[in-house]
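J.: The following block contains the structure, expressed as structure tokens.
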Amino acid sequence: MDLNPILSRVDADLPAAMDRLLELLRIPSISTDPAFAEDCARAADWLVADLQSIGFAASARPTPGHPMVVAHYDGPPDNSGPHILFYGHYDVQPVDPLDLWDRAPFDPAVEETAKGPVIRGRGSADDKGQLMTFIEAFRAWKAEKGSLPFKITVFLEGEEESGSPSLIPFMRDNAAELRADLAMICDTGLFESKVPAIVTMLRGLLGEEITIHGPNKDLHSGMYGGAAINPIRVLNKVLASLHDETGRIAIPGFYDGVRELSDEMRSQWQSLAFDHAAFLGDVGLSVPAGEQDRTPLEMLWSRPTAEVNGIWGGYIGAGSKTVLPAEAHAKLTFRLVPGQDPLDLREKFRAHVRAQLPADVTVEFHAHGASPAGEMTVDHPAFQATRAALSEEWGRPAAFVGCGGSIPIAGYFKTELGMDALLTGFGHDDDQIHSPNEKYAVESFHKGIRSWVRVLARLAG
């Protein structure tokens with residue numbers, strides 16, 4: 001298939017595509033704040049109208065929270081190709097702290113930087129700029145060919161940044177309509193901001209909060225110190241026991257089910273020549289702190305973690321107060337890998353904590369979510385097709401990579417709809433998603449659109 005006419009249209013239409021993206025970015029679709037509910041609905045309606053303008057049967061579907069956008073294109077009459085679902089999310093993170101932004105978060109603009117032009121504004125990289133890359137690819141393809149090459153469903157969520165409370169119920173209620181041969185998720189990035197990448201492993205997430213209770217009230221440390229147990233001391237002991245001297249997690253049974261990397265995947269990761277010194281140096285560090293018998297990429301992508309995210313208790317105001325506190329608290333998260341059951345690990349962690357409590361001390365647990373890791377089967381033909389398409393567009397071999405973060409939707413497609421998911425995106429490491437001054441490189445937007453054109457062609461055979 002000659003793709004040059006379609007790719008040339010993408011190039012020529014880039015200014016108009018940028019204008020459309022800027023228009024969408026001006027809508028403050030912050031899903032976590034009820035004050036922006038109307039704006040979330042307005043963003044959904046904007047996307048519905050845009051998809052309808054290129055021939056999709058699209059609608060905004062109500063949920064107890066923000067609307068879901070669902071759109072269908074049936075493909076050509078003689079369609080014998082795959083049915084592909086494209087997923088993205090139109091909601092964005094809050095903008096606080098506002099005083100750290102160099103321009104108004106919802107007054108997006110193209111700015112020149114030392115690394116080239118960028119689109120600056122909340123949602124530019126996460127995820128409006130990314131989801132518009134595949135919509136713009138559909139637009140260019142249809143304009144040149146008259147019809148998209150196969151059946152396509154678009155599924156856009158409005159609550160991804162607020163925990164997706166409506167997602168699973170909606171998927172279950174509309175499973176027959178949403179089910180496809182494969183889901184494409186555009187919410188990731190280039191490896192080291194330059195190598196096109198397909199994510200094949202996603203770590204899961206387990207959250208826990210613990211409260212250690214000791215005496216029934218705060219005590220004077222002079223009157224009771226030494227004789228009374230200090231909950232902060234107990235908490236320190238518990239948290240220090242999570243790792244051994246080599247960085248390995250010391251909770252009994254924590255590594256049950258954890259699988260080793262295949263030789264093929266380990267070799268491919270080594271070929272990426274990851275510069276961990278620069279990676280850590282960017283944040284003022286120098287030495288990898290995880291399991292010492294693992295490479296830094298393994299630590300980030302294929303090994304589980306136990307991290308303390310916050311500790312508090314006793315007096316933390318100005319000056320000194322000689323208090324022995326009644327309780328101490330900590331928040332923890334565990335990043336999980338394929339083969340680990342988050343609910344089983346929750347019980348193992350709690351048993352580990354209880355086993356270290358001295359007399360007169362109790363513990364209270366609060367759960368903060370649990371999602372399993374995701375692992376994609378790279379022998380699916382679409383993975384090789386997408387890898388070839390990305391390699392063609394970016395001029396360097398695309399890589400199969402892991403992801404240290406968690407994108408639960410990939411697992412939900414498997415558990416709720418029985419379909420595999422493929423994750424690829426075009427963000428940069430320094431796009432500052434969730435932070436002030438979020439940006440998305442114009443090159444990422446442009447080449448992202450061209451990449452999806454090539455992926456469509458490859459999937460069409």
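Quick note on naming: the chains in the structure tokens go A, B, ... in the order shown, residues restart at 1 in each chain, and ligands are numbered from 1 in order of appearance.
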Give me the range 211-298 of chain A side of the contact with range 396-415 of chain A, cut-off 12 Å, one line per residue showing its nearest atom pair and distance in Å at one decimal, counting only C-alpha atoms, sorted by chain and residue number, as a Markdown table.
T.:
```
| residue | atom | partner | partner_atom | distance |
| --- | --- | --- | --- | --- |
| A:Leu261 | CA | A:Gly402 | CA | 11.0 |
| A:Glu264 | CA | A:Phe400 | CA | 10.5 |
| A:Met265 | CA | A:Phe400 | CA | 7.8 |
| A:Arg266 | CA | A:Val401 | CA | 10.0 |
| A:Ser267 | CA | A:Phe400 | CA | 11.0 |
| A:Gln268 | CA | A:Ala399 | CA | 7.5 |
| A:Trp269 | CA | A:Val401 | CA | 7.1 |
| A:Gln270 | CA | A:Val401 | CA | 10.8 |
| A:Ser271 | CA | A:Ala399 | CA | 9.4 |
| A:Leu272 | CA | A:Ala399 | CA | 8.1 |
| A:Ala273 | CA | A:Ala399 | CA | 11.9 |
| A:Phe274 | CA | A:Val401 | CA | 11.5 |
| A:Pro296 | CA | A:Gly404 | CA | 11.3 |
| A:Leu297 | CA | A:Gly402 | CA | 8.4 |
| A:Glu298 | CA | A:Gly402 | CA | 8.7 |
```
J.: Run DSSP on the backbone of this structure and report the residues of range 195-395 of chain A it assigns to helix (DSSP H, G or I), as a ChimeraX atom specification.
T.: /A:221-224,231-240,263-271,276-281,296-301,342-354,381-394
J.: Mind the document's chain letters and residue numbers, and return as a list of chain:residue names the residues of range 58-141 of chain A that DSSP labels strand (DSSP E).
T.: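 Reading the DSSP output for range 58-141 of chain A, strand (DSSP E) covers A:Ala58, A:Ser59, A:Ala60, A:Arg61, A:Met68, A:Val69, A:Val70, A:Ala71, A:His72, A:Tyr73, A:His83, A:Ile84, A:Leu85, A:Phe86, A:Tyr87, A:Gly88, A:His89, A:Ala109, A:Val110, A:Glu111, A:Glu112, A:Thr113, A:Gly116, A:Pro117, A:Val118, A:Ile119, A:Arg120.
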J.: Residues within 6 Å of His213 in chain A, please, as a PyMOL selection string. Count only C-alpha atoms; anything in the same chain fewer than 2 positions from it doesn't count.
T.: chain A and resi 327+361-363
J.: Deliver the residues from the most recent selection as a file, using C-alpha atoms, as a PDB file, in the first residue's frame.
T.:
```
ATOM      1  CA  GLU A 327       0.019   6.530  67.867  1.00  0.00           C
ATOM      2  CA  VAL A 361       0.759  -2.346  71.020  1.00  0.00           C
ATOM      3  CA  THR A 362      -1.946  -2.842  68.390  1.00  0.00           C
ATOM      4  CA  VAL A 363      -2.116  -2.019  64.700  1.00  0.00           C
TER       5      VAL A 363
END
```
J.: What's around Thr32 in chain A at 8 Å? Count only C-alpha atoms, leave out sequence neighbours fewer than 6 positions away in its own chain, and write the answer as JSON, numbers by chain.
T.: {"A": [93, 94, 159, 161, 162]}
J.: I need the chosen residues saved as a compact mmCIF listing (two decimals), in the first residue's frame, with C-alpha atoms.
T.:
```txt
# COMPACT_ATOMS: atom_id res chain seq x y z
CA GLN A 93 -4.93 16.28 36.62
CA PRO A 94 -5.54 19.30 38.87
CA GLU A 159 -12.21 9.47 35.15
CA GLU A 161 -7.10 10.65 36.79
CA SER A 162 -9.57 10.09 39.64
```
J.: With only C-alpha atoms as the counted atoms, please give the residues lying no more than 12 Å from Ser435 in chain A, apart from itself and same-chain residues fewer than 2 positions off, as a ChimeraX atom specification.
T.: /A:92-102,105,120-126,430-433,437-439
J.: Would you save the residues from that selection as a tab-separated table (two decimals), in the first residue's frame, using N, CA and C atoms?
T.:
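again31.tsv written:
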```tsv
chain	number	residue	atom	x	y	z
A	92	VAL	N	-8.06	15.35	33.00
A	92	VAL	CA	-6.70	15.79	33.31
A	92	VAL	C	-6.53	15.95	34.81
A	93	GLN	N	-5.28	16.07	35.22
A	93	GLN	CA	-4.93	16.28	36.62
A	93	GLN	C	-5.26	17.71	37.06
A	94	PRO	N	-5.47	17.92	38.36
A	94	PRO	CA	-5.54	19.30	38.87
A	94	PRO	C	-4.26	20.05	38.55
A	95	VAL	N	-4.32	21.37	38.64
A	95	VAL	CA	-3.19	22.19	38.20
A	95	VAL	C	-2.35	22.72	39.35
A	96	ASP	N	-2.75	22.49	40.59
A	96	ASP	CA	-1.98	22.99	41.73
A	96	ASP	C	-0.55	22.42	41.74
A	97	PRO	N	0.44	23.20	42.17
A	97	PRO	CA	0.36	24.60	42.60
A	97	PRO	C	0.38	25.56	41.40
A	98	LEU	N	-0.62	26.39	41.34
A	98	LEU	CA	-0.82	27.26	40.19
A	98	LEU	C	0.33	28.25	40.00
A	99	ASP	N	0.95	28.68	41.11
A	99	ASP	CA	1.99	29.71	41.00
A	99	ASP	C	3.27	29.20	40.37
A	100	LEU	N	3.39	27.88	40.17
A	100	LEU	CA	4.58	27.33	39.52
A	100	LEU	C	4.43	27.21	38.01
A	101	TRP	N	3.27	27.54	37.49
A	101	TRP	CA	3.07	27.53	36.03
A	101	TRP	C	3.62	28.82	35.42
A	102	ASP	N	4.25	28.67	34.26
A	102	ASP	CA	4.76	29.84	33.54
A	102	ASP	C	3.68	30.52	32.70
A	105	PRO	N	-2.65	27.25	32.86
A	105	PRO	CA	-2.67	25.84	32.44
A	105	PRO	C	-3.64	25.53	31.31
A	120	ARG	N	2.41	23.52	25.20
A	120	ARG	CA	2.42	23.71	26.65
A	120	ARG	C	0.97	23.84	27.16
A	121	GLY	N	0.62	23.06	28.15
A	121	GLY	CA	-0.72	23.17	28.73
A	121	GLY	C	-1.10	21.88	29.43
A	122	ARG	N	-2.02	21.99	30.41
A	122	ARG	CA	-2.45	20.81	31.14
A	122	ARG	C	-3.19	19.85	30.20
A	123	GLY	N	-2.77	18.58	30.23
A	123	GLY	CA	-3.37	17.56	29.39
A	123	GLY	C	-2.70	17.38	28.04
A	124	SER	N	-1.68	18.20	27.74
A	124	SER	CA	-1.06	18.12	26.42
A	124	SER	C	-0.42	16.76	26.17
A	125	ALA	N	0.22	16.19	27.22
A	125	ALA	CA	0.84	14.87	27.09
A	125	ALA	C	-0.01	13.78	27.71
A	126	ASP	N	-0.79	14.13	28.72
A	126	ASP	CA	-1.54	13.14	29.50
A	126	ASP	C	-3.00	13.57	29.62
A	430	ASP	N	10.56	14.11	30.19
A	430	ASP	CA	10.47	15.40	30.87
A	430	ASP	C	9.20	16.17	30.51
A	431	ASP	N	8.13	15.46	30.16
A	431	ASP	CA	6.89	16.14	29.78
A	431	ASP	C	6.14	16.72	30.98
A	432	GLN	N	6.57	16.40	32.19
A	432	GLN	CA	6.03	17.00	33.40
A	432	GLN	C	4.53	16.73	33.57
A	433	ILE	N	4.14	15.50	33.21
A	433	ILE	CA	2.75	15.14	33.43
A	433	ILE	C	2.47	15.15	34.93
A	437	ASN	N	3.52	23.17	34.23
A	437	ASN	CA	4.19	23.35	32.94
A	437	ASN	C	4.25	22.08	32.10
A	438	GLU	N	3.21	21.26	32.19
A	438	GLU	CA	3.12	20.06	31.34
A	438	GLU	C	3.27	20.47	29.87
A	439	LYS	N	3.93	19.60	29.11
A	439	LYS	CA	4.13	19.90	27.68
A	439	LYS	C	4.16	18.60	26.88
```
J.: Using only C-alpha atoms, which protein or nucleic acid residues come within 12 Å of Ser164 in chain A? Drop anything in the same chain fewer than 3 positions from it, and give the result as a list in words.
T.: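 Here the qualifying residues turn out to be Ser31, Thr32, Thr63, Pro64, Gly65, His66, Pro67, Met68, His89, Asp91, Leu156, Glu157, Gly158, Glu159, Glu160, Glu161, Leu167, Ile168, Pro169, Phe170, Met171, Gly369, Ile407, Pro408, Ile409 and Tyr412 of chain A.
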